[in-house]
$ cat query28.txt   # compact mmCIF, C-alpha atoms
# COMPACT_ATOMS: atom_id res chain seq x y z
CA MET A 1 109.15 80.87 142.30
CA PRO A 2 111.30 80.25 145.36
CA ASP A 3 111.14 76.92 147.20
CA VAL A 4 109.01 76.60 150.32
CA VAL A 5 110.17 75.01 153.55
CA VAL A 6 107.71 73.05 155.67
CA ILE A 7 108.35 72.28 159.29
CA ALA A 8 106.05 69.54 160.55
CA THR A 9 105.96 68.58 164.21
CA ALA A 10 104.36 65.49 165.70
CA LYS A 11 104.32 64.30 169.31
CA ALA A 12 103.88 60.64 170.26
CA LYS A 13 101.59 59.42 173.03
CA PRO A 14 103.53 58.09 176.02
CA GLY A 15 105.00 54.70 175.12
CA LYS A 16 104.41 55.20 171.39
CA GLU A 17 107.69 57.04 170.64
CA LYS A 18 109.28 54.16 168.69
CA GLU A 19 106.10 53.54 166.72
CA LEU A 20 105.96 57.17 165.62
CA GLU A 21 109.57 57.05 164.54
CA ARG A 22 108.97 53.87 162.54
CA ALA A 23 105.88 55.29 160.82
CA LEU A 24 107.72 58.48 159.82
CA CYS A 25 110.85 56.67 158.67
CA GLU A 26 108.70 54.49 156.43
CA VAL A 27 107.38 57.49 154.50
CA ALA A 28 110.71 59.33 154.31
CA LYS A 29 112.00 57.62 151.19
CA PRO A 30 108.73 57.68 149.19
CA THR A 31 108.30 61.35 150.18
CA ARG A 32 111.75 62.23 148.83
CA ASN A 33 110.71 60.62 145.55
CA GLN A 34 107.60 62.80 145.24
CA PRO A 35 107.68 65.37 142.42
CA GLY A 36 108.94 68.70 143.76
CA CYS A 37 110.49 67.34 146.96
CA VAL A 38 113.95 68.89 147.43
CA GLU A 39 114.64 67.75 150.99
CA PHE A 40 112.97 65.64 153.66
CA THR A 41 114.82 65.09 156.94
CA LEU A 42 113.57 63.86 160.32
CA TYR A 43 114.82 65.16 163.65
CA ARG A 44 114.07 64.13 167.21
CA SER A 45 113.75 66.85 169.85
CA GLU A 46 116.47 66.70 172.49
CA GLU A 47 114.19 68.42 174.98
CA ASP A 48 111.21 66.13 174.47
CA PRO A 49 112.09 62.75 172.90
CA ALA A 50 108.41 62.17 172.07
CA VAL A 51 108.59 65.01 169.52
CA ILE A 52 109.77 64.40 165.96
CA VAL A 53 110.20 67.24 163.51
CA GLY A 54 110.22 66.82 159.75
CA VAL A 55 112.01 69.53 157.78
CA GLU A 56 110.86 69.48 154.19
CA ARG A 57 111.76 71.65 151.24
CA TRP A 58 109.47 71.70 148.23
CA LYS A 59 109.63 73.37 144.83
CA SER A 60 106.21 74.91 145.50
CA LYS A 61 103.29 74.89 147.91
CA ALA A 62 101.31 73.04 145.25
CA ASP A 63 103.86 70.20 145.23
CA HIS A 64 103.59 69.90 149.00
CA LYS A 65 99.79 69.93 148.89
CA ARG A 66 99.82 67.18 146.27
CA HIS A 67 102.00 65.15 148.62
CA LEU A 68 99.52 65.70 151.50
CA HIS A 69 96.77 64.22 149.34
CA GLY A 70 98.90 61.36 148.00
CA PRO A 71 98.76 57.71 149.13
CA HIS A 72 101.93 57.77 151.34
CA PHE A 73 100.73 60.64 153.44
CA GLN A 74 97.19 59.29 153.69
CA LYS A 75 98.60 55.99 154.95
CA LEU A 76 100.79 57.86 157.43
CA GLU A 77 97.85 59.89 158.70
CA THR A 78 95.87 56.72 159.37
CA ALA A 79 98.83 55.10 161.15
CA MET A 80 99.56 58.23 163.20
CA ALA A 81 95.99 58.68 164.40
CA LYS A 82 96.52 56.05 167.10
CA ILE A 83 100.02 57.07 168.17
CA ILE A 84 100.17 60.86 168.29
CA ALA A 85 99.23 62.97 171.28
CA GLY A 86 97.54 65.69 169.20
CA PRO A 87 97.15 66.88 165.63
CA PRO A 88 100.52 67.44 163.91
CA GLN A 89 101.57 71.04 163.33
CA ILE A 90 102.46 71.84 159.74
CA VAL A 91 103.94 75.29 159.11
CA TRP A 92 105.02 76.72 155.77
CA HIS A 93 108.05 79.03 155.55
CA GLU A 94 109.44 81.21 152.80
CA ILE A 95 113.20 81.31 152.31
CA ILE A 96 114.87 84.60 153.14
CA ASP A 97 117.35 85.83 150.52
CA GLU A 98 120.80 86.33 151.94
CA ALA A 99 121.47 89.37 149.73
CA ALA A 100 125.01 88.18 149.21
CA GLU A 101 127.88 90.39 148.16
CA ILE A 102 131.43 89.92 146.94
CA GLN A 103 134.25 92.00 148.42
CA HIS A 104 137.82 92.38 147.24
CA SER A 105 140.75 94.64 148.07
CA VAL A 106 144.10 95.01 146.37
CA GLN A 107 147.08 97.31 146.87
CA ILE A 108 148.25 99.02 143.67
CA ALA A 109 151.48 100.97 143.18
CA ALA A 110 149.88 103.79 141.17
CA LYS A 111 147.88 106.96 141.79
CA PRO A 112 144.05 106.82 141.81
CA GLU A 113 143.97 109.17 138.80
CA ALA A 114 145.87 106.59 136.74
CA ILE A 115 143.71 103.66 137.89
CA TYR A 116 140.27 105.27 137.59
CA PRO A 117 139.93 105.15 133.77
CA LEU A 118 140.57 101.39 133.87
CA LEU A 119 137.46 100.97 136.02
CA ALA A 120 135.07 103.39 134.36
CA THR A 121 135.50 103.21 130.57
CA ALA A 122 135.09 100.66 127.77
CA ASP A 123 138.73 101.20 126.77
CA GLY A 124 139.77 100.51 130.36
CA PHE A 125 137.72 97.29 130.64
CA ARG A 126 139.28 95.98 127.40
CA ARG A 127 142.73 96.03 128.97
CA TRP A 128 142.00 93.59 131.82
CA TRP A 129 138.43 92.25 131.74
CA ALA A 130 137.01 91.37 128.33
CA ALA A 131 138.08 91.86 124.71
CA ASP A 132 134.51 92.35 123.45
CA VAL A 133 133.35 95.63 125.00
CA THR A 134 131.02 98.05 123.23
CA GLU A 135 129.33 101.28 124.20
CA ALA A 136 125.59 101.54 123.53
CA ALA A 137 123.04 104.13 124.61
CA GLY A 138 124.91 105.43 127.61
CA ALA A 139 125.87 101.96 128.84
CA VAL A 140 128.79 99.61 128.35
CA GLU A 141 128.25 96.05 127.16
CA LEU A 142 130.74 93.31 127.91
CA ALA A 143 130.33 90.10 125.93
CA PHE A 144 131.72 86.68 126.83
CA PHE A 145 132.00 83.31 125.09
CA ASN A 146 130.90 84.51 121.63
CA ARG A 147 128.25 86.75 123.12
CA THR A 148 126.42 83.88 124.85
CA THR A 149 126.73 86.00 128.01
CA VAL A 150 126.37 89.79 127.80
CA TYR A 151 126.55 92.10 130.78
CA ARG A 152 125.26 95.64 130.23
CA LEU A 153 126.51 98.07 132.83
CA ARG A 154 124.91 101.47 133.37
CA SER A 155 126.70 104.22 135.20
CA GLU A 156 125.22 105.05 138.59
CA ILE A 157 128.00 107.04 140.20
CA ASP A 158 131.04 108.60 138.51
CA LYS A 159 133.29 110.40 140.95
CA PRO A 160 136.79 110.39 139.49
CA PRO A 161 139.19 109.40 140.88
CA THR A 162 137.55 107.93 143.99
CA GLU A 163 134.38 106.03 143.07
CA ALA A 164 132.74 104.34 140.08
CA GLN A 165 129.46 102.52 140.54
CA ARG A 166 127.63 100.52 137.86
CA ILE A 167 124.26 98.74 137.78
CA CYS A 168 124.07 95.56 135.74
CA GLU A 169 120.98 95.37 133.52
CA THR A 170 121.36 91.91 132.01
CA GLY A 171 122.25 88.34 132.94
CA GLU A 172 120.26 85.77 134.90
CA GLU A 173 122.11 86.29 138.19
CA TRP A 174 123.73 89.67 137.49
CA THR A 175 120.58 91.68 136.70
CA GLY A 176 120.08 94.30 139.39
CA THR A 177 123.49 93.74 140.96
CA ARG A 178 125.79 96.69 141.65
CA ILE A 179 129.50 96.84 140.90
CA VAL A 180 131.40 99.40 142.96
CA PHE A 181 135.05 100.45 142.74
CA ARG A 182 136.43 102.72 145.46
CA LEU A 183 139.95 104.09 145.38
CA GLU A 184 141.72 105.08 148.56
CA ASP A 185 144.89 107.13 148.15
CA GLY A 186 147.60 106.00 150.56
CA GLN A 187 151.30 106.47 151.21
CA SER A 188 152.44 103.36 149.38
CA GLY A 189 149.98 103.62 146.51
CA THR A 190 146.25 103.08 146.18
CA LEU A 191 144.02 100.60 147.94
CA LEU A 192 141.34 99.48 145.52
CA HIS A 193 138.13 98.34 147.22
CA PHE A 194 135.69 96.37 145.13
CA THR A 195 132.11 95.32 145.92
CA HIS A 196 129.68 93.35 143.77
CA ALA A 197 126.47 93.67 145.75
CA GLY A 198 122.80 92.73 145.40
CA TRP A 199 123.13 89.04 144.56
CA LYS A 200 119.95 87.17 145.42
CA SER A 201 121.89 84.30 146.96
CA ALA A 202 125.37 82.89 147.43
CA SER A 203 124.90 80.45 144.53
CA ALA A 204 127.61 78.33 142.91
CA TYR A 205 127.91 81.01 140.21
CA PHE A 206 128.33 83.65 142.92
CA VAL A 207 131.28 81.66 144.31
CA SER A 208 132.80 81.23 140.82
CA CYS A 209 132.44 84.95 140.19
CA ASN A 210 134.14 85.69 143.53
CA THR A 211 137.16 83.69 142.33
CA THR A 212 137.19 85.35 138.90
CA TRP A 213 136.95 88.84 140.44
CA GLY A 214 140.07 88.00 142.47
CA GLU A 215 141.98 87.18 139.29
CA LEU A 216 140.59 90.34 137.64
CA MET A 217 141.73 92.55 140.55
CA TYR A 218 145.29 91.34 139.95
CA ARG A 219 144.92 92.12 136.23
CA ILE A 220 143.79 95.68 137.07
CA LYS A 221 146.82 95.94 139.36
CA ALA A 222 149.14 94.65 136.62
CA VAL A 223 147.82 97.12 134.02
CA ALA A 224 147.98 100.05 136.45
CA GLU A 225 151.56 99.13 137.34
CA GLY A 226 152.61 99.18 133.69
CA ASN A 227 152.28 95.54 132.65
CA THR A 228 150.13 94.13 129.85
CA PRO A 229 148.31 91.04 131.08
CA GLY A 230 145.54 91.54 128.52
CA PRO A 231 141.87 90.80 129.19
CA LEU A 232 141.02 87.54 131.03
CA PHE A 233 138.15 86.94 128.61
CA THR A 234 138.82 86.87 124.87
CA SER A 235 135.74 87.30 122.69
CA ALA A 236 135.37 83.50 122.40
CA GLY A 237 136.86 82.11 125.58
CA MET A 238 139.51 82.76 128.18
CA ALA A 239 143.10 83.86 127.79
CA TYR A 240 146.06 82.07 129.28
CA MET B 1 132.47 84.14 161.93
CA ALA B 2 133.24 84.74 158.28
CA GLU B 3 134.42 82.45 155.54
CA LEU B 4 135.93 82.81 152.09
CA LYS B 5 134.64 80.58 149.33
CA HIS B 6 136.11 79.96 145.92
CA GLN B 7 135.36 77.62 143.07
CA ILE B 8 137.08 76.93 139.77
CA PRO B 9 136.85 74.28 137.06
CA ILE B 10 140.16 72.62 136.16
CA ASN B 11 140.67 70.63 133.01
CA ALA B 12 142.50 67.72 134.67
CA LYS B 13 141.72 64.67 136.77
CA PRO B 14 141.23 65.12 140.55
CA THR B 15 144.42 63.10 141.22
CA LYS B 16 146.50 65.75 139.39
CA VAL B 17 144.86 68.58 141.34
CA TYR B 18 145.36 66.62 144.56
CA ALA B 19 149.12 66.35 143.86
CA ALA B 20 149.29 70.12 143.37
CA LEU B 21 147.82 70.57 146.88
CA THR B 22 149.69 67.88 148.79
CA THR B 23 153.28 67.81 147.48
CA ALA B 24 156.03 70.40 147.93
CA THR B 25 156.65 70.44 144.16
CA GLY B 26 152.98 71.13 143.56
CA LEU B 27 152.55 73.84 146.20
CA ARG B 28 155.80 75.59 145.14
CA SER B 29 154.54 75.77 141.55
CA TRP B 30 151.57 78.06 142.14
CA TRP B 31 151.49 79.44 145.70
CA THR B 32 154.90 80.20 147.13
CA ALA B 33 158.41 78.99 146.32
CA ASP B 34 158.97 78.73 150.08
CA ALA B 35 156.69 75.76 150.82
CA THR B 36 157.33 72.64 152.83
CA VAL B 37 154.78 69.94 153.45
CA GLU B 38 154.61 66.54 155.11
CA GLU B 39 152.45 64.23 153.08
CA LYS B 40 150.64 62.63 156.03
CA VAL B 41 147.71 63.33 158.32
CA GLY B 42 148.93 65.11 161.45
CA GLY B 43 151.95 66.42 159.52
CA LYS B 44 152.99 70.03 159.12
CA ALA B 45 153.01 72.39 156.18
CA GLU B 46 154.72 75.79 156.14
CA PHE B 47 154.31 78.58 153.66
CA GLY B 48 156.74 81.51 153.73
CA PHE B 49 156.23 84.85 152.01
CA ASP B 50 158.45 87.87 151.32
CA GLY B 51 161.65 86.31 152.71
CA ARG B 52 159.77 84.68 155.60
CA ALA B 53 158.40 88.05 156.77
CA ILE B 54 155.17 86.11 157.01
CA VAL B 55 154.90 82.36 157.59
CA PHE B 56 151.63 80.42 157.60
CA ARG B 57 151.93 77.22 159.64
CA MET B 58 149.41 74.51 158.92
CA LYS B 59 148.59 71.14 160.39
CA ILE B 60 147.33 68.60 157.90
CA GLU B 61 144.08 67.44 159.46
CA GLU B 62 142.63 65.29 156.70
CA LEU B 63 143.82 63.77 153.45
CA ASN B 64 141.41 61.90 151.19
CA PRO B 65 143.47 61.07 148.10
CA GLY B 66 141.92 62.52 144.96
CA LYS B 67 139.00 63.93 146.96
CA SER B 68 139.78 66.43 149.68
CA VAL B 69 142.42 68.12 151.85
CA LEU B 70 141.88 69.89 155.18
CA TRP B 71 144.44 72.10 156.90
CA SER B 72 144.22 74.05 160.15
CA CYS B 73 146.31 77.20 160.56
CA HIS B 74 148.35 77.89 163.72
CA GLY B 75 150.38 80.78 165.07
CA ASP B 76 152.02 83.88 163.60
CA GLN B 77 149.38 85.67 161.56
CA PRO B 78 146.69 86.56 164.16
CA GLU B 79 143.85 86.73 161.66
CA TRP B 80 144.73 83.34 160.17
CA ASN B 81 145.32 81.65 163.51
CA GLY B 82 142.58 79.11 164.16
CA THR B 83 141.18 79.21 160.63
CA THR B 84 140.68 76.07 158.57
CA LEU B 85 141.23 75.58 154.85
CA THR B 86 139.27 72.93 152.99
CA TRP B 87 139.87 71.79 149.44
CA ASP B 88 137.16 69.61 147.89
CA LEU B 89 137.80 68.07 144.49
CA VAL B 90 134.66 67.11 142.63
CA PRO B 91 134.96 65.21 139.33
CA HIS B 92 133.13 67.12 136.60
CA ASP B 93 132.96 66.47 132.83
CA GLY B 94 136.26 64.57 132.79
CA GLY B 95 137.89 67.38 134.78
CA THR B 96 137.64 68.65 138.34
CA THR B 97 135.74 71.38 140.11
CA VAL B 98 137.80 72.72 142.98
CA ARG B 99 135.76 74.04 145.90
CA PHE B 100 137.80 75.90 148.44
CA THR B 101 136.64 77.24 151.81
CA HIS B 102 138.74 79.26 154.22
CA SER B 103 136.61 79.38 157.35
CA GLY B 104 136.86 80.49 160.95
CA TRP B 105 137.68 84.17 160.31
CA LYS B 106 136.65 86.19 163.34
CA ALA B 107 135.47 89.11 161.21
CA ALA B 108 135.29 90.32 157.61
CA THR B 109 138.22 92.75 157.92
CA GLU B 110 140.35 94.55 155.35
CA MET B 111 142.82 91.64 155.55
CA TYR B 112 139.92 89.27 154.87
CA ALA B 113 139.05 91.16 151.65
CA ILE B 114 142.71 91.25 150.58
CA CYS B 115 143.04 87.50 151.16
CA ASN B 116 139.81 86.90 149.25
CA THR B 117 141.31 88.67 146.24
CA THR B 118 144.60 86.79 146.48
CA TRP B 119 142.83 83.43 146.82
CA GLY B 120 140.98 84.26 143.59
CA GLU B 121 144.25 84.92 141.78
CA LEU B 122 145.77 81.78 143.32
CA MET B 123 142.85 79.62 142.12
CA TYR B 124 143.61 80.70 138.54
CA ARG B 125 147.32 80.05 139.13
CA LEU B 126 146.53 76.56 140.49
CA LYS B 127 144.33 75.91 137.46
CA ASN B 128 147.01 77.07 135.03
CA TYR B 129 149.70 75.01 136.74
CA VAL B 130 147.64 71.82 136.77
CA GLU B 131 146.65 72.36 133.14
CA GLY B 132 150.33 72.61 132.19
CA TRP B 133 150.78 76.37 131.57
CA ASN B 134 153.57 76.90 134.15
CA PRO B 135 152.39 80.22 135.59
CA GLY B 136 155.05 80.12 138.33
CA SER B 137 154.34 80.76 141.99
CA HIS B 138 152.65 83.96 143.20
CA TRP B 139 155.46 84.47 145.74
CA THR B 140 158.93 83.70 144.52
CA GLU B 141 160.71 83.71 147.88
$ encode --input "query28.txt" --output "structure tokens"
Amino acid sequence: MPDVVVIATAKAKPGKEKELERALCEVAKPTRNQPGCVEFTLYRSEEDPAVIVGVERWKSKADHKRHLHGPHFQKLETAMAKIIAGPPQIVWHEIIDEAAEIQHSVQIAAKPEAIYPLLATADGFRRWWAADVTEAAGAVELAFFNRTTVYRLRSEIDKPPTEAQRICETGEEWTGTRIVFRLEDGQSGTLLHFTHAGWKSASAYFVSCNTTWGELMYRIKAVAEGNTPGPLFTSAGMAY
Amino acid sequence: MAELKHQIPINAKPTKVYAALTTATGLRSWWTADATVEEKVGGKAEFGFDGRAIVFRMKIEELNPGKSVLWSCHGDQPEWNGTTLTWDLVPHDGGTTVRFTHSGWKAATEMYAICNTTWGELMYRLKNYVEGWNPGSHWTE
């Protein structure tokens, strides 16, 4: 279940602006300590200084409702009754997924025909990505850290030597993501374009994977140019 | 506006990672052999590549020993001009998580994607250097 964001707006009666601020500041800390509260921040409107907005993020609507019925909020409601110009507005929001994607490009001194098998076959993956790669039921499985992480990739598009597209079927954050290699033949070699699309959000793991894909692009380049860097991931750990 | 974000765990204390980002010896050991840096806020850092065919000129905006480094990039490379580079060092399990952000790109261009890839490789090189594996610099002149 994704978090919910609540935006609550209250307007003070003329002359009661400071009192409203004090009442809200008093509940800020206890609210942050409520179960399921991720964020609680107060803002004053620049356009109308009598207006204070609370931006709250909760693990669920139920957590927020429990807070509304809890002692801190009840106390606040009583205190606010005399100082606000009208009933406070409380609006729930869902968080929009950013649909993040990773993009890389690297210049390789080799023809697309020579690079393509590295990007589309289990044998190819073993030379730069992971040592533990197996083929099963029309898909390729890459295993990491003694198989504690396994990514199963199913072929979506195979257009040698210009495009290979794979859908990932496993992994908490990788399931449903799409890995795309595109090869552009140029005068001084091939430009390899890489996209890992369909991430639900730009999480910390997304950022770590962006970094690791950068290192992997250079390993693909090294193999294609005749070097033997070996796979970044051994079956139990990482190689270097 | 676009930004590049990277993150890598390094098995060393933040002070060791900080030295790799703020001293000429450190920067020459993983990024480019042609690196000069003044170790003070307001100082300059220069990074030359391919026989100075390209030079990135930085101003050192912030230095928080063992914690963070902030550079701003000036001149020469039009796509890098006006960008900022932030290194945050977060202690983690006796080691350090490096969080790097290269922000202020005007657009996500081809150059942007190429730099993203190279930053990824450089993060691993930085890690290997700080952990004592002597990977050498990405650019040797």
$ closest_atom_pairs --input "query28.txt" --of "chain A" --to "chain B" --cutoff "6 Å" --atoms "only C-alpha atoms" --output "JSON lines"
{"residue": "A:Gln103", "atom": "CA", "partner": "B:Ala113", "partner_atom": "CA", "distance": 5.8}
{"residue": "A:His104", "atom": "CA", "partner": "B:Ala113", "partner_atom": "CA", "distance": 4.7}
{"residue": "A:Ser105", "atom": "CA", "partner": "B:Ile114", "partner_atom": "CA", "distance": 4.7}
{"residue": "A:Val106", "atom": "CA", "partner": "B:Ile114", "partner_atom": "CA", "distance": 5.8}
{"residue": "A:Val207", "atom": "CA", "partner": "B:His6", "partner_atom": "CA", "distance": 5.4}
{"residue": "A:Ser208", "atom": "CA", "partner": "B:Gln7", "partner_atom": "CA", "distance": 5.0}
{"residue": "A:Thr211", "atom": "CA", "partner": "B:Gly120", "partner_atom": "CA", "distance": 4.1}
{"residue": "A:Gly214", "atom": "CA", "partner": "B:Gly120", "partner_atom": "CA", "distance": 4.0}
{"residue": "A:Glu215", "atom": "CA", "partner": "B:Glu121", "partner_atom": "CA", "distance": 4.1}
$ residues_around --input "query28.txt" --residues "Asn11 in chain B" --least-positions-apart "3" --cutoff "10 Å" --atoms "only C-alpha atoms" --output "list in words"
Ile8, Pro14, Lys16, Val17, His92, Asp93, Gly94, Gly95, Thr96, Thr97, Lys127, Asn128, Val130, Glu131 and Gly132 of chain B
$ atom_distance --input "query28.txt" --atom1 "CA of Thr195 in chain A" --atom2 "CA of Ile179 in chain A"
5.9 Å
$ residues_around --input "query28.txt" --residues "Ser235 in chain A" --least-positions-apart "5" --cutoff "8 Å" --atoms "all atoms listed in the file" --output "ChimeraX atom specification"
/A:130-132,143-147
$ residues_around --input "query28.txt" --residues "Asp185 in chain A" --least-positions-apart "5" --cutoff "7 Å" --atoms "only C-alpha atoms" --output "PDB file with C-alpha atoms, in the coordinates of the input"
ATOM      1  CA  PRO A 112     144.050 106.820 141.810  1.00  0.00           C
ATOM      2  CA  THR A 190     146.250 103.080 146.180  1.00  0.00           C
ATOM      3  CA  LEU A 191     144.020 100.600 147.940  1.00  0.00           C
TER       4      LEU A 191
END
$ residues_around --input "query28.txt" --residues "Ile52 in chain A" --least-positions-apart "5" --cutoff "10 Å" --atoms "all atoms listed in the file" --output "CSV table (one decimal) with C-alpha atoms, in the coordinates of the input"
chain,number,residue,atom,x,y,z
A,8,ALA,CA,106.0,69.5,160.6
A,9,THR,CA,106.0,68.6,164.2
A,10,ALA,CA,104.4,65.5,165.7
A,11,LYS,CA,104.3,64.3,169.3
A,12,ALA,CA,103.9,60.6,170.3
A,17,GLU,CA,107.7,57.0,170.6
A,20,LEU,CA,106.0,57.2,165.6
A,21,GLU,CA,109.6,57.0,164.5
A,24,LEU,CA,107.7,58.5,159.8
A,42,LEU,CA,113.6,63.9,160.3
A,43,TYR,CA,114.8,65.2,163.6
A,44,ARG,CA,114.1,64.1,167.2
A,45,SER,CA,113.8,66.8,169.8
A,46,GLU,CA,116.5,66.7,172.5
A,88,PRO,CA,100.5,67.4,163.9
$ residues_around --input "query28.txt" --residues "range 82-85 of chain B" --least-positions-apart "2" --cutoff "9 Å" --atoms "only C-alpha atoms" --output "list in words"
Met58, Val69, Leu70, Trp71, Ser72, Cys73, His74, Gly75, Pro78, Glu79, Trp80, Trp87, Phe100, Thr101, His102, Ser103, Gly104, Trp105 and Lys106 of chain B
$ closest_residue --input "query28.txt" --among "A:Gly86, A:Pro35, A:Pro49, A:Gly237" --to "His64 in chain A" --atoms "all atoms listed in the file"
A:Pro35
$ residues_near_point --input "query28.txt" --point "(135.8, 107.7, 139.9)" --cutoff "9 Å" --atoms "only C-alpha atoms" --output "ChimeraX atom specification"
/A:112-113,116-117,119-120,157-165,181-183
$ atom_distance --input "query28.txt" --atom1 "CA of Asp63 in chain A" --atom2 "CA of Ala79 in chain A"
22.5 Å
$ closest_residue --input "query28.txt" --among "A:Leu142, A:Val27, A:Ala99, A:Leu153" --to "Ala197 in chain A" --atoms "only C-alpha atoms"
A:Ala99
$ atom_distance --input "query28.txt" --atom1 "CA of Asn227 in chain A" --atom2 "CA of Arg52 in chain B"
26.5 Å
$ axis_aligned_box --input "query28.txt" --around "range 51-59 of chain A" --padding-each-side "8 Å" --output "JSON"
{"center_x": 110.3, "center_y": 68.9, "center_z": 157.2, "size_x": 19.4, "size_y": 25.0, "size_z": 40.7}
$ closest_residue --input "query28.txt" --among "B:Leu21, B:Arg57, B:Met1, B:Gly51" --to "Ala33 in chain B" --atoms "only C-alpha atoms"
B:Gly51
$ build_atoms --input "query28.txt" --residues "range 44-64 of chain B" --atoms "N, CA and C atoms" --output "PDB file, in the coordinates of the input"
ATOM      1  N   LYS B  44     152.968  68.573 159.182  1.00  0.00           N
ATOM      2  CA  LYS B  44     152.990  70.030 159.120  1.00  0.00           C
ATOM      3  C   LYS B  44     153.183  70.500 157.685  1.00  0.00           C
ATOM      4  N   ALA B  45     152.692  71.708 157.438  1.00  0.00           N
ATOM      5  CA  ALA B  45     153.010  72.390 156.180  1.00  0.00           C
ATOM      6  C   ALA B  45     153.341  73.833 156.546  1.00  0.00           C
ATOM      7  N   GLU B  46     154.353  74.392 155.898  1.00  0.00           N
ATOM      8  CA  GLU B  46     154.720  75.790 156.140  1.00  0.00           C
ATOM      9  C   GLU B  46     154.832  76.534 154.833  1.00  0.00           C
ATOM     10  N   PHE B  47     154.278  77.750 154.850  1.00  0.00           N
ATOM     11  CA  PHE B  47     154.310  78.580 153.660  1.00  0.00           C
ATOM     12  C   PHE B  47     154.901  79.937 154.025  1.00  0.00           C
ATOM     13  N   GLY B  48     156.056  80.256 153.434  1.00  0.00           N
ATOM     14  CA  GLY B  48     156.740  81.510 153.730  1.00  0.00           C
ATOM     15  C   GLY B  48     156.547  82.512 152.598  1.00  0.00           C
ATOM     16  N   PHE B  49     156.459  83.801 152.993  1.00  0.00           N
ATOM     17  CA  PHE B  49     156.230  84.850 152.010  1.00  0.00           C
ATOM     18  C   PHE B  49     157.187  86.011 152.272  1.00  0.00           C
ATOM     19  N   ASP B  50     157.604  86.680 151.209  1.00  0.00           N
ATOM     20  CA  ASP B  50     158.450  87.870 151.320  1.00  0.00           C
ATOM     21  C   ASP B  50     159.638  87.619 152.255  1.00  0.00           C
ATOM     22  N   GLY B  51     160.463  86.629 151.906  1.00  0.00           N
ATOM     23  CA  GLY B  51     161.650  86.310 152.710  1.00  0.00           C
ATOM     24  C   GLY B  51     161.301  85.923 154.135  1.00  0.00           C
ATOM     25  N   ARG B  52     160.242  85.169 154.300  1.00  0.00           N
ATOM     26  CA  ARG B  52     159.770  84.680 155.600  1.00  0.00           C
ATOM     27  C   ARG B  52     159.304  85.804 156.536  1.00  0.00           C
ATOM     28  N   ALA B  53     158.990  86.986 155.964  1.00  0.00           N
ATOM     29  CA  ALA B  53     158.400  88.050 156.770  1.00  0.00           C
ATOM     30  C   ALA B  53     157.068  87.568 157.332  1.00  0.00           C
ATOM     31  N   ILE B  54     156.406  86.751 156.552  1.00  0.00           N
ATOM     32  CA  ILE B  54     155.170  86.110 157.010  1.00  0.00           C
ATOM     33  C   ILE B  54     155.305  84.619 156.762  1.00  0.00           C
ATOM     34  N   VAL B  55     154.920  83.815 157.770  1.00  0.00           N
ATOM     35  CA  VAL B  55     154.900  82.360 157.590  1.00  0.00           C
ATOM     36  C   VAL B  55     153.538  81.840 158.061  1.00  0.00           C
ATOM     37  N   PHE B  56     152.866  81.092 157.189  1.00  0.00           N
ATOM     38  CA  PHE B  56     151.630  80.420 157.600  1.00  0.00           C
ATOM     39  C   PHE B  56     151.988  78.983 157.957  1.00  0.00           C
ATOM     40  N   ARG B  57     151.657  78.586 159.185  1.00  0.00           N
ATOM     41  CA  ARG B  57     151.930  77.220 159.640  1.00  0.00           C
ATOM     42  C   ARG B  57     150.627  76.437 159.690  1.00  0.00           C
ATOM     43  N   MET B  58     150.632  75.318 158.983  1.00  0.00           N
ATOM     44  CA  MET B  58     149.410  74.510 158.920  1.00  0.00           C
ATOM     45  C   MET B  58     149.662  73.126 159.506  1.00  0.00           C
ATOM     46  N   LYS B  59     148.583  72.556 160.042  1.00  0.00           N
ATOM     47  CA  LYS B  59     148.590  71.140 160.390  1.00  0.00           C
ATOM     48  C   LYS B  59     147.680  70.439 159.384  1.00  0.00           C
ATOM     49  N   ILE B  60     148.146  69.325 158.872  1.00  0.00           N
ATOM     50  CA  ILE B  60     147.330  68.600 157.900  1.00  0.00           C
ATOM     51  C   ILE B  60     146.351  67.720 158.671  1.00  0.00           C
ATOM     52  N   GLU B  61     145.106  68.111 158.643  1.00  0.00           N
ATOM     53  CA  GLU B  61     144.080  67.440 159.460  1.00  0.00           C
ATOM     54  C   GLU B  61     143.475  66.237 158.758  1.00  0.00           C
ATOM     55  N   GLU B  62     143.266  66.379 157.451  1.00  0.00           N
ATOM     56  CA  GLU B  62     142.630  65.290 156.700  1.00  0.00           C
ATOM     57  C   GLU B  62     143.211  65.214 155.303  1.00  0.00           C
ATOM     58  N   LEU B  63     143.406  63.993 154.832  1.00  0.00           N
ATOM     59  CA  LEU B  63     143.820  63.770 153.450  1.00  0.00           C
ATOM     60  C   LEU B  63     142.970  62.638 152.887  1.00  0.00           C
ATOM     61  N   ASN B  64     142.174  62.937 151.891  1.00  0.00           N
ATOM     62  CA  ASN B  64     141.410  61.900 151.190  1.00  0.00           C
ATOM     63  C   ASN B  64     141.880  61.902 149.746  1.00  0.00           C
TER      64      ASN B  64
END
